[in-house]
Each structure stands twice: as structure tokens, then as C-alpha cells.
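Q: Next up is a structure, given as C-alpha cells.
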Amino acid sequence: MKRLIIVISVGFALLPAAVAAAQGDGKVIEYGITVEAELSDEQYAIPYTFTGSARDVIVVQMDDAEPMGPMREPALILLDNHENVMVAAEGSIGHLTFVTELPYDGEYTLIATRVDGADGTSAGPFVLQLIQPTTLVLNETITAEASSEISLYYLVQASQPFSVVYEKLSGAFWPEVTVNVIDEEYRLDDVAVLGGR
């Protein structure tokens, strides 16, 4: 039976846990690290390298650094170590998220750019995040903290039906939990949305 990869997210918006400033080309990014940089007409693409392992599922998110700012049409390109394009994704309204599973151990390149590359018009500061979701084990409970500033991603690899149960332990925050599968365009496709207590 085919293995189904399911990504569960909790929260509203994902903000950095750790921030590193990006300057120039050939920067390094790691799982759990967030970088801030700026695209311009002179520098419309910034490459970042990272090391991954076979079957790592990654979530990559690029957002305009300013609410309703000038970086309205982000784009991301994921290359393998032979510079073959694995994923090319475009966003809108200052946001882009894609999810994929890495095929092998090694170095990958993630290019933060804009729709239409050199011919594009979006420019300005952005925030880029490389996330490796925590794997949920069936029938094991975890405790975590989410807020309007921090979203959490979890991974379930299942070949049979399962249930997701959550309980709010404290605070005024009402969680929103989405259960997603990865679609053909490497985006999260909601199959269930839960909210409230």
C-alpha cells in the first residue's frame, strides 16, 4: 500500500525561532533557522544551500517582511546537487509555502526570488524559513505551545485511517488545526480544519 504523507499545522502565522541575516550570494540555511534578506532589481535571486537526508519532509515558507509590503509575488526554486530543478513554486499576496520530500542525502540549493525573476516587479524585504516538521507517532501524546506568532508543523506517515485529537491546556489562544496532504504542486491541500477548544 502506498505511503501517504500528511502534514498537520497548528497556529495562525509562522514567525522565526532563530533569525540569521542574509547578505549576498551563497548563504547557508539550516532546519529551524529563519533568514531575512531583501530582493531588488539588481539582486532578484538569492541562493541558500542546506544539507538534507533521504526522506526528509521539508516545509519552506517565504513571506513579505512587512504586512502589505512591496514583496508581493515571492517565488522559490529548489535544486538538487546537480542543479536540476526539483520544485519551482510561486506565491501571491506576499506569501508562499511549499512542501516536498527529499530523495537522497546531500546538499540542496534553495533560491529565494520573485515571480518572473529578472523581469519581475516585486522587490523588498522577505523572511525565509526552512522547517522540518516533527514526526507524530500514532498513539503517542505530545505537548507543545502555539500562538498567533508561532505555528507548528507535524508529520504523519500513514497507510491507514487515524484520528487527530487535541486539547487546549491554557491561555486565551484558540488553536486552529489543519490536516493536509501534499498536492501535485507541492502545496498543502487541506483535508480537515479543526478549531476552538
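Letters A, B, ... mark the chains of the C-alpha cells in the order given; residue numbers begin at 1 per chain; ligand numbers begin at 1, in order shown.
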Taking the chain letters and numbering used in this document, name the residues of chain A that DSSP puts in strand (DSSP E), as a ChimeraX atom specification.
A: /A:4-10,19-21,27-28,34-39,46-52,57-64,74-79,85-90,95-101,106-114,124-131,134-135,152-158,176-182,188-195
Q: I'd like the neighbourhood of A:Gly106 as a list in words, where a residue qualifies if any of its atoms comes within 12 Å (using only C-alpha atoms), though same-chain residues fewer than 5 positions away should be ignored.
A: Thr49, Phe50, Thr51, Gly52, Ser53, Ala54, Arg55, Asp56, Leu79, Asp80, Asn81 and His82 of chain A
Q: Which one is closest to A:Thr113: A:Leu39, A:Val85, A:Ile131, A:Leu152? Count only C-alpha atoms.
A: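 Closest to A:Thr113, using only C-alpha atoms: A:Leu39.
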Q: Excluding A:Pro125 and its own-chain neighbours fewer than 4 positions away, which residues fall within 6 Å of it when counting only C-alpha atoms? Please give them as a list of chain:residue names.
A: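 Close residues of A:Pro125: A:Ala37, A:Glu38, A:Ala65.
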Q: With N, CA and C atoms retained, could you export that selection as a short mmCIF file (atom, residue, chain, number, x, y, z; two decimals), in the first residue's frame?
A:
```
data_model
loop_
_atom_site.label_atom_id
_atom_site.label_comp_id
_atom_site.auth_asym_id
_atom_site.auth_seq_id
_atom_site.Cartn_x
_atom_site.Cartn_y
_atom_site.Cartn_z
N ALA A 37 16.22 38.78 4.33
CA ALA A 37 17.03 39.39 3.28
C ALA A 37 16.12 40.30 2.46
N GLU A 38 16.67 40.84 1.39
CA GLU A 38 15.89 41.76 0.56
C GLU A 38 16.21 41.52 -0.90
N ALA A 65 8.31 40.67 4.50
CA ALA A 65 8.72 41.02 5.86
C ALA A 65 7.85 42.12 6.46
#
```
Q: Please provide as JSON, numbers by chain all residues within 10 Å of stretch 68-77 of chain A, with the sequence filter that same-chain residues fewer than 3 positions apart are discarded (counting only C-alpha atoms).
A: {"A": [38, 39, 40, 45, 46, 47, 60, 61, 62, 63, 64, 65, 85, 86, 87, 88, 89, 90, 91, 92, 93, 94, 95, 96, 97, 98, 109, 110, 111, 112, 113, 114, 115, 116, 117, 120, 121, 122, 123, 124, 125, 126, 128]}
Q: Identify which of the residues A:Leu102, A:Val7, A:Val59, A:Val127 lies closest to A:Thr34, counting only C-alpha atoms when measuring atom-to-atom distances.
A: A:Val127
Q: Could you tell me how far atom CA of A:Thr135 lies from atom CA of A:Leu155, in Å and to one decimal?
A: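 Taking atom CA of A:Thr135 as the start and atom CA of A:Leu155 as the end point, the length is 4.5 Å.
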Q: I want to know what sits within 8 Å of A:Leu136, based on only C-alpha atoms, with residues of the same chain fewer than 3 positions away left out; could you give that as number ranges by chain?
A: A: 140, 154-156
